[in-house]
file work.txt (compact mmCIF, C-alpha atoms and all ligand atoms)
# COMPACT_ATOMS: atom_id res chain seq x y z
CA MET A 398 -21.79 -8.01 -19.75
CA SER A 399 -24.61 -5.71 -20.87
CA ALA A 400 -23.96 -2.67 -23.05
CA GLN A 401 -24.80 -0.44 -20.12
CA GLU A 402 -22.34 -2.23 -17.85
CA GLU A 403 -19.68 -1.88 -20.51
CA THR A 404 -20.16 1.88 -20.68
CA GLU A 405 -20.03 2.05 -16.88
CA LEU A 406 -16.71 0.19 -16.85
CA ASN A 407 -15.38 2.56 -19.51
CA LYS A 408 -15.73 5.35 -17.00
CA LEU A 409 -13.32 3.81 -14.48
CA LYS A 410 -10.29 6.05 -13.87
CA MET A 411 -7.21 5.50 -11.72
CA TYR A 412 -5.13 8.27 -10.14
CA VAL A 413 -1.69 7.58 -8.66
CA ILE A 414 -1.30 10.03 -5.79
CA ALA A 415 2.28 10.82 -4.72
CA ASN A 416 2.40 11.21 -0.92
CA GLY A 417 6.06 12.15 -0.42
CA MET A 418 9.29 10.21 0.03
CA LEU A 419 10.90 7.97 2.61
CA GLU A 420 14.60 7.27 2.77
CA CYS A 421 15.93 4.05 4.23
CA ASP A 422 18.58 1.36 4.18
CA LEU A 423 18.10 -0.82 1.10
CA ALA A 424 18.07 -3.79 3.52
CA ASN A 425 14.50 -2.78 4.48
CA MET A 426 13.33 -3.54 0.94
CA ILE A 427 15.62 -6.40 -0.03
CA ALA A 428 16.93 -8.79 2.63
CA MET A 429 20.70 -8.92 3.11
CA PRO A 430 21.72 -6.92 0.01
CA LYS A 431 25.36 -6.53 1.07
CA LEU A 432 26.58 -9.45 3.13
CA ALA A 433 30.06 -9.30 4.57
CA ASN A 434 32.54 -12.00 3.57
CA SER A 435 35.97 -13.22 4.64
CA GLU A 436 37.70 -10.53 2.58
CA ASN A 437 35.34 -7.72 3.51
CA HIS A 438 33.99 -7.71 7.05
CA HIS A 439 32.59 -4.19 6.90
CA THR A 440 30.21 -3.72 4.01
CA VAL A 441 28.52 -0.33 3.59
CA SER A 442 24.74 -0.12 3.35
CA ASP A 443 22.95 1.63 0.50
CA TRP A 444 20.73 4.51 1.62
CA VAL A 445 17.88 4.72 -0.89
CA LYS A 446 14.70 6.62 -1.72
CA SER A 447 11.39 4.87 -1.18
CA PRO A 448 8.30 6.61 -2.62
CA VAL A 449 5.01 6.69 -0.72
CA TYR A 450 1.79 6.71 -2.72
CA SER A 451 -1.90 5.97 -2.65
CA VAL A 452 -4.29 5.23 -5.51
CA LEU A 453 -7.75 6.72 -6.12
CA LEU A 454 -10.26 4.89 -8.31
CA GLU A 455 -13.09 6.94 -9.75
CA HIS A 456 -15.93 4.51 -10.38
CA PRO A 457 -19.51 5.46 -11.39
CA GLU A 458 -20.72 3.76 -8.18
CA GLY A 459 -18.29 5.51 -5.87
CA LEU A 460 -14.71 6.39 -5.07
CA VAL A 461 -12.26 3.75 -3.89
CA LEU A 462 -8.98 4.65 -2.20
CA PHE A 463 -6.11 2.19 -1.92
CA ASP A 464 -3.84 3.10 1.03
CA THR A 465 -3.51 6.47 2.74
CA GLY A 466 0.20 7.41 2.91
CA CYS A 467 1.91 8.87 6.00
CA HIS A 468 0.45 11.17 8.62
CA PRO A 469 1.39 14.87 8.12
CA ASP A 470 2.94 14.99 11.61
CA ALA A 471 4.94 11.79 11.14
CA MET A 472 8.28 13.55 11.69
CA LYS A 473 6.92 15.92 14.33
CA GLY A 474 6.68 13.26 17.00
CA ARG A 475 3.71 11.34 15.70
CA TRP A 476 6.11 8.48 14.95
CA ASP A 477 8.43 6.94 17.53
CA ARG A 478 12.04 8.10 17.31
CA GLY A 479 13.06 4.69 15.92
CA ASN A 480 10.65 5.03 12.97
CA MET A 481 11.81 8.59 12.28
CA LEU A 482 15.45 7.48 12.23
CA ARG A 483 14.85 4.30 10.23
CA THR A 484 12.66 5.79 7.49
CA PRO A 485 12.72 9.61 7.56
CA TYR A 486 9.78 11.09 5.63
CA THR A 487 9.70 14.27 3.55
CA PHE A 488 6.89 15.72 1.45
CA ASP A 489 5.52 18.81 -0.24
CA GLU A 490 2.30 20.18 1.27
CA SER A 491 0.52 19.38 -2.01
CA GLU A 492 1.43 15.70 -1.57
CA LEU A 493 -0.41 15.25 1.72
CA LEU A 494 -3.38 13.02 0.98
CA PRO A 495 -6.18 15.50 1.86
CA ASN A 496 -4.50 18.19 -0.28
CA ALA A 497 -3.97 15.83 -3.20
CA LEU A 498 -7.63 14.71 -2.99
CA LYS A 499 -8.76 18.34 -2.87
CA ARG A 500 -6.84 19.03 -6.08
CA LEU A 501 -8.97 16.29 -7.70
CA GLY A 502 -12.13 17.89 -6.29
CA TYR A 503 -12.70 15.57 -3.33
CA THR A 504 -12.55 15.44 0.45
CA PRO A 505 -12.00 12.30 2.57
CA ASP A 506 -15.78 12.25 3.23
CA ASP A 507 -16.39 11.54 -0.47
CA ILE A 508 -14.54 8.21 -0.40
CA ARG A 509 -16.94 5.24 -0.31
CA TYR A 510 -14.37 2.48 0.23
CA VAL A 511 -10.82 2.51 1.57
CA VAL A 512 -8.84 -0.66 0.90
CA MET A 513 -5.79 -1.05 3.14
CA SER A 514 -2.86 -3.09 1.81
CA HIS A 515 -1.68 -3.33 5.44
CA LEU A 516 -1.43 -1.03 8.46
CA HIS A 517 2.21 0.12 8.41
CA GLU A 518 3.09 3.78 9.02
CA ASP A 519 3.54 4.67 5.34
CA HIS A 520 0.16 3.20 4.26
CA ALA A 521 -2.23 3.82 7.15
CA GLY A 522 -1.00 7.28 8.25
CA CYS A 523 -4.08 9.23 7.11
CA LEU A 524 -6.60 6.46 7.71
CA GLU A 525 -8.24 8.29 10.64
CA MET A 526 -9.52 10.95 8.20
CA PHE A 527 -11.85 8.48 6.46
CA THR A 528 -14.64 8.32 9.01
CA LYS A 529 -17.40 8.10 6.40
CA SER A 530 -15.79 5.27 4.41
CA GLN A 531 -16.04 1.53 4.75
CA ILE A 532 -12.50 0.36 5.47
CA PHE A 533 -11.39 -3.03 4.16
CA VAL A 534 -8.47 -4.67 5.89
CA ASN A 535 -7.18 -8.21 6.31
CA ASP A 536 -8.66 -9.53 9.56
CA ASP A 537 -5.34 -10.92 10.85
CA GLU A 538 -3.62 -7.62 10.10
CA LEU A 539 -6.18 -5.74 12.17
CA LYS A 540 -6.17 -8.23 15.04
CA GLN A 541 -2.40 -8.49 15.32
CA THR A 542 -1.88 -4.73 15.03
CA LEU A 543 -4.29 -4.17 17.93
CA ARG A 544 -2.55 -6.95 19.86
CA LEU A 545 0.81 -5.20 19.45
CA TYR A 546 -0.78 -2.00 20.67
CA VAL A 547 -2.18 -3.43 23.89
CA LEU A 548 0.97 -5.43 24.65
CA ASN A 549 2.95 -2.18 24.79
CA GLY A 550 6.01 -3.72 23.15
CA ASN A 551 8.00 -2.94 20.04
CA MET A 552 5.58 -1.82 17.33
CA GLY A 553 7.92 -2.20 14.32
CA GLY A 554 6.32 -0.40 11.39
CA TYR A 555 3.03 0.22 13.24
CA ILE A 556 2.46 3.56 14.94
CA ARG A 557 0.93 3.81 18.40
CA ASN A 558 -0.46 7.30 17.68
CA ASP A 559 -2.07 6.12 14.43
CA ILE A 560 -3.87 3.30 16.21
CA LYS A 561 -4.97 5.61 19.03
CA ALA A 562 -6.56 7.88 16.41
CA TRP A 563 -8.48 4.96 14.88
CA PHE A 564 -10.09 4.32 18.26
CA ASP A 565 -10.88 7.99 18.78
CA THR A 566 -12.46 8.50 15.36
CA GLN A 567 -14.43 5.21 15.41
CA LEU A 568 -13.75 3.98 11.93
CA ASN A 569 -16.11 1.77 9.99
CA TRP A 570 -13.97 -1.37 9.64
CA ALA A 571 -14.77 -4.23 7.27
CA PRO A 572 -12.25 -7.00 8.07
CA ILE A 573 -11.77 -9.75 5.48
CA ASP A 574 -11.11 -13.23 6.86
CA ALA A 575 -8.30 -15.52 5.71
CA GLU A 576 -10.63 -17.86 3.77
CA THR A 577 -11.83 -15.09 1.45
CA LYS A 578 -9.20 -14.84 -1.26
CA GLU A 579 -10.97 -12.34 -3.53
CA ILE A 580 -13.88 -9.90 -3.33
CA GLU A 581 -15.32 -8.08 -6.33
CA LEU A 582 -15.82 -4.68 -4.76
CA LEU A 583 -17.21 -2.94 -7.84
CA ASP A 584 -17.21 -3.77 -11.54
CA GLY A 585 -13.53 -3.80 -12.55
CA ILE A 586 -12.20 -3.55 -8.99
CA THR A 587 -11.33 -6.76 -7.12
CA ILE A 588 -9.78 -6.97 -3.66
CA LEU A 589 -7.01 -9.57 -3.54
CA ASN A 590 -6.54 -10.98 -0.05
CA PHE A 591 -2.95 -12.20 0.06
CA GLY A 592 -2.66 -13.20 3.70
CA PRO A 593 0.59 -13.30 5.69
CA GLY A 594 3.90 -12.30 4.11
CA HIS A 595 5.50 -8.88 4.56
CA THR A 596 3.08 -8.45 7.51
CA PHE A 597 0.35 -10.46 9.31
CA GLY A 598 -2.14 -9.97 6.46
CA MET A 599 -1.57 -8.22 3.14
CA MET A 600 -4.11 -7.15 0.52
CA GLY A 601 -3.93 -5.77 -3.00
CA LEU A 602 -6.26 -4.72 -5.81
CA LEU A 603 -6.84 -5.95 -9.33
CA VAL A 604 -8.13 -3.07 -11.44
CA THR A 605 -9.47 -3.46 -14.97
CA LEU A 606 -9.22 -0.21 -16.88
CA PRO A 607 -10.84 0.29 -20.30
CA ASN A 608 -7.69 1.44 -22.12
CA THR A 609 -4.78 0.64 -19.81
CA GLY A 610 -5.95 -2.94 -19.19
CA ASN A 611 -5.35 -4.85 -15.97
CA VAL A 612 -3.25 -3.47 -13.14
CA ILE A 613 -2.34 -5.27 -9.91
CA LEU A 614 -1.69 -2.88 -7.05
CA ALA A 615 0.68 -5.01 -4.98
CA SER A 616 1.82 -2.45 -2.41
CA ASP A 617 4.47 -3.89 -0.05
CA THR A 618 3.49 -7.44 -0.94
CA ILE A 619 6.24 -6.75 -3.52
CA ASN A 620 8.45 -3.76 -2.67
CA THR A 621 10.35 -3.44 -5.95
CA ALA A 622 10.83 -5.06 -9.36
CA LYS A 623 13.97 -6.73 -7.95
CA ASN A 624 11.85 -8.48 -5.28
CA PHE A 625 9.47 -9.71 -8.00
CA GLY A 626 12.35 -11.33 -9.87
CA PRO A 627 12.71 -13.97 -11.03
CA PRO A 628 14.30 -15.01 -8.81
CA ILE A 629 12.01 -13.84 -6.02
CA LEU A 630 13.97 -11.84 -3.42
CA PHE A 631 12.78 -11.55 0.18
CA PRO A 632 12.17 -8.16 1.73
CA GLY A 633 14.02 -7.05 4.87
CA LEU A 634 10.75 -7.08 6.78
CA ALA A 635 8.88 -10.37 6.43
CA TYR A 636 6.55 -11.77 9.07
CA ASP A 637 6.05 -15.01 7.12
CA THR A 638 8.65 -15.89 4.47
CA ILE A 639 6.74 -18.89 3.08
CA GLY A 640 3.57 -16.80 2.85
CA TYR A 641 5.58 -14.09 1.12
CA TYR A 642 6.98 -16.50 -1.44
CA LYS A 643 3.57 -18.04 -2.20
CA THR A 644 1.99 -14.61 -2.56
CA VAL A 645 4.60 -13.37 -5.02
CA GLN A 646 4.04 -16.56 -7.02
CA ARG A 647 0.28 -15.96 -6.91
CA ILE A 648 0.76 -12.43 -8.22
CA ALA A 649 3.14 -13.58 -10.96
CA GLN A 650 0.58 -16.17 -12.08
CA LEU A 651 -2.28 -13.68 -12.00
CA ALA A 652 -0.24 -11.05 -13.85
CA LYS A 653 0.46 -13.62 -16.57
CA GLU A 654 -3.17 -14.74 -16.85
CA LYS A 655 -4.55 -11.21 -16.89
CA ARG A 656 -1.65 -9.63 -18.79
CA ALA A 657 -1.56 -7.22 -15.86
CA LYS A 658 1.01 -4.60 -14.99
CA VAL A 659 2.20 -4.90 -11.39
CA PHE A 660 2.59 -1.69 -9.40
CA PHE A 661 5.17 -2.27 -6.65
CA GLY A 662 5.03 -0.71 -3.17
CA HIS A 663 8.27 1.28 -3.12
CA ASP A 664 10.11 1.04 -6.43
CA ILE A 665 11.63 4.45 -7.11
CA ASP A 666 12.43 3.63 -10.75
CA GLN A 667 8.91 2.42 -11.51
CA PHE A 668 7.33 5.21 -9.49
CA THR A 669 9.27 7.88 -11.41
CA GLU A 670 7.73 6.56 -14.63
CA LEU A 671 4.14 6.38 -13.34
CA LYS A 672 1.68 9.10 -14.34
CA LYS A 673 0.86 11.04 -11.15
CA SER A 674 -2.52 12.53 -10.27
CA THR A 675 -1.07 16.00 -10.94
CA GLU A 676 -0.44 14.96 -14.55
CA GLY A 677 -3.57 12.97 -15.32
CA CYS A 678 -4.98 9.50 -14.80
CA TYR A 679 -4.96 5.96 -16.13
CA ASP A 680 -8.23 5.17 -17.88
ZN ZN A 701 5.00 -2.18 4.91
call {"tool": "encode", "arguments": {"input": "work.txt", "output": "structure tokens"}}
result
Amino acid sequence: MSAQEETELNKLKMYVIANGMLECDLANMIAMPKLANSENHHTVSDWVKSPVYSVLLEHPEGLVLFDTGCHPDAMKGRWDRGNMLRTPYTFDESELLPNALKRLGYTPDDIRYVVMSHLHEDHAGCLEMFTKSQIFVNDDELKQTLRLYVLNGNMGGYIRNDIKAWFDTQLNWAPIDAETKEIELLDGITILNFGPGHTFGMMGLLVTLPNTGNVILASDTINTAKNFGPPILFPGLAYDTIGYYKTVQRIAQLAKEKRAKVFFGHDIDQFTELKKSTEGCYD
């Protein structure tokens, strides 16, 4: 690495942007947390908090956004009733992605790349706002999401109104095929293509920060520290359990090799400890 490249890398900054809070049954995050048994047929679910966040990377060659949170009108009918009941969403106005970006001095038009971990409601909600960005997504995730849309069936964690908006705004998609396991997007920022697991096709980021070191943004590939284990625990929502298991192993291996911290998708304890964009950044 040249001296100039080294100085460039030293300028990389990472902002964790809080985008509000979901609440849900713990069984969404960890499969079968409270099984009934012969002495207790009626176990009671745990109703837990599940933070929503996105991550902005300030790089000398452009801004990179990882995930886009929920849509502001999620609970005003944007989501289906089932989604609103299953994972009710609350937020402060300041936590809406465009407002949080504005606080950092940016608008959605300033973002060069958006990297989508997957296209669920709590990650792709504001995606339609990024019409000037190149949007990276796992190819199978994009294909299967559109397939669900045209089949008019149960959409699970995907939102019909979100997808409609992506058509209307004509986004600049850059799908990544299954064979491509990694892409170095910019110096210090690598897209990790995880493939099927929690959904049809998951992606994450490996970020190398000058002082903080390596960070793996795992998103819902690993919901919480408990899922990471060991032992690895399955999430409530898994499209491909073998894929999920292999991916978590891949992340564990990479984290060991790179001495990387792993940022989980919805771990309230970890999230509480993270430095938020309102407090500063990771450099
Ligand atoms: Zn998800």
call {"tool": "closest_atom_pairs", "arguments": {"input": "work.txt", "of": "chain A", "to": "ligand ZN 701 (chain A)", "cutoff": "10 Å", "atoms": "only C-alpha atoms and all ligand atoms", "output": "CSV"}}
result
residue,atom,partner,partner_atom,distance
A:Asn425,CA,A:ZN701,ZN,9.5
A:Met426,CA,A:ZN701,ZN,9.3
A:Ser514,CA,A:ZN701,ZN,8.5
A:His515,CA,A:ZN701,ZN,6.8
A:Leu516,CA,A:ZN701,ZN,7.4
A:His517,CA,A:ZN701,ZN,5.0
A:Glu518,CA,A:ZN701,ZN,7.5
A:Asp519,CA,A:ZN701,ZN,7.0
A:His520,CA,A:ZN701,ZN,7.3
A:Ala521,CA,A:ZN701,ZN,9.7
A:Gly553,CA,A:ZN701,ZN,9.9
A:Gly554,CA,A:ZN701,ZN,6.8
A:Tyr555,CA,A:ZN701,ZN,8.9
A:His595,CA,A:ZN701,ZN,6.7
A:Thr596,CA,A:ZN701,ZN,7.1
A:Met599,CA,A:ZN701,ZN,9.1
A:Ser616,CA,A:ZN701,ZN,8.0
A:Asp617,CA,A:ZN701,ZN,5.3
A:Thr618,CA,A:ZN701,ZN,8.0
A:Ile619,CA,A:ZN701,ZN,9.7
A:Asn620,CA,A:ZN701,ZN,8.5
A:Pro632,CA,A:ZN701,ZN,9.9
A:Leu634,CA,A:ZN701,ZN,7.8
A:Ala635,CA,A:ZN701,ZN,9.2
A:Gly662,CA,A:ZN701,ZN,8.2
A:His663,CA,A:ZN701,ZN,9.3
call {"tool": "atom_distance", "arguments": {"input": "work.txt", "atom1": "CA of Gln531 (chain A)", "atom2": "CA of Met600 (chain A)"}}
result
15.3 Å
call {"tool": "atom_distance", "arguments": {"input": "work.txt", "atom1": "CA of Pro448 (chain A)", "atom2": "CA of Lys431 (chain A)"}}
result
21.8 Å
call {"tool": "residues_around", "arguments": {"input": "work.txt", "residues": "Pro430 (chain A)", "least_positions_apart": "2", "cutoff": "10 Å", "atoms": "all atoms listed in the file", "output": "MDAnalysis selection string"}}
result
chainID A and resid 422:428 432:433 440 442:443 630 632:633
call {"tool": "closest_residue", "arguments": {"input": "work.txt", "among": "A:Ile665, A:Ala471, A:Met513, A:Ile560", "to": "Gly598 (chain A)", "atoms": "only C-alpha atoms"}}
result
A:Met513
call {"tool": "residues_around", "arguments": {"input": "work.txt", "residues": "Lys540 (chain A)", "least_positions_apart": "4", "cutoff": "12 Å", "atoms": "all atoms listed in the file", "output": "compact mmCIF listing (two decimals) with C-alpha atoms, keeping the file's coordinate frame"}}
result
# COMPACT_ATOMS: atom_id res chain seq x y z
CA HIS A 515 -1.68 -3.33 5.44
CA LEU A 516 -1.43 -1.03 8.46
CA VAL A 534 -8.47 -4.67 5.89
CA ASN A 535 -7.18 -8.21 6.31
CA ASP A 536 -8.66 -9.53 9.56
CA ARG A 544 -2.55 -6.95 19.86
CA LEU A 545 0.81 -5.20 19.45
CA TYR A 546 -0.78 -2.00 20.67
CA VAL A 547 -2.18 -3.43 23.89
CA ILE A 560 -3.87 3.30 16.21
CA TRP A 570 -13.97 -1.37 9.64
CA PRO A 572 -12.25 -7.00 8.07
CA ILE A 573 -11.77 -9.75 5.48
CA ASP A 574 -11.11 -13.23 6.86
CA THR A 596 3.08 -8.45 7.51
CA PHE A 597 0.35 -10.46 9.31
CA GLY A 598 -2.14 -9.97 6.46
call {"tool": "atom_distance", "arguments": {"input": "work.txt", "atom1": "CA of Val413 (chain A)", "atom2": "CA of Ala652 (chain A)"}}
result
19.4 Å
call {"tool": "closest_residue", "arguments": {"input": "work.txt", "among": "A:Lys658, A:Arg478, A:His468, A:Arg509", "to": "Leu494 (chain A)", "atoms": "only C-alpha atoms"}}
result
A:His468
call {"tool": "residues_around", "arguments": {"input": "work.txt", "residues": "region 646-651 of chain A", "least_positions_apart": "4", "cutoff": "9 Å", "atoms": "all atoms listed in the file", "output": "list in words"}}
result
Phe591, Ile613, Ala615, Phe625, Ile629, Tyr641, Tyr642, Lys655, Arg656, Ala657 and Val659 of chain A
call {"tool": "write_last_selection", "arguments": {"input": "work.txt", "atoms": "C-alpha atoms", "output": "compact mmCIF listing (two decimals), in the coordinates of the input"}}
result
# COMPACT_ATOMS: atom_id res chain seq x y z
CA PHE A 591 -2.95 -12.20 0.06
CA ILE A 613 -2.34 -5.27 -9.91
CA ALA A 615 0.68 -5.01 -4.98
CA PHE A 625 9.47 -9.71 -8.00
CA ILE A 629 12.01 -13.84 -6.02
CA TYR A 641 5.58 -14.09 1.12
CA TYR A 642 6.98 -16.50 -1.44
CA LYS A 655 -4.55 -11.21 -16.89
CA ARG A 656 -1.65 -9.63 -18.79
CA ALA A 657 -1.56 -7.22 -15.86
CA VAL A 659 2.20 -4.90 -11.39
call {"tool": "closest_residue", "arguments": {"input": "work.txt", "among": "A:Thr487, A:Ser451, A:Val511, A:Asn437", "to": "Phe661 (chain A)", "atoms": "all atoms listed in the file"}}
result
A:Ser451
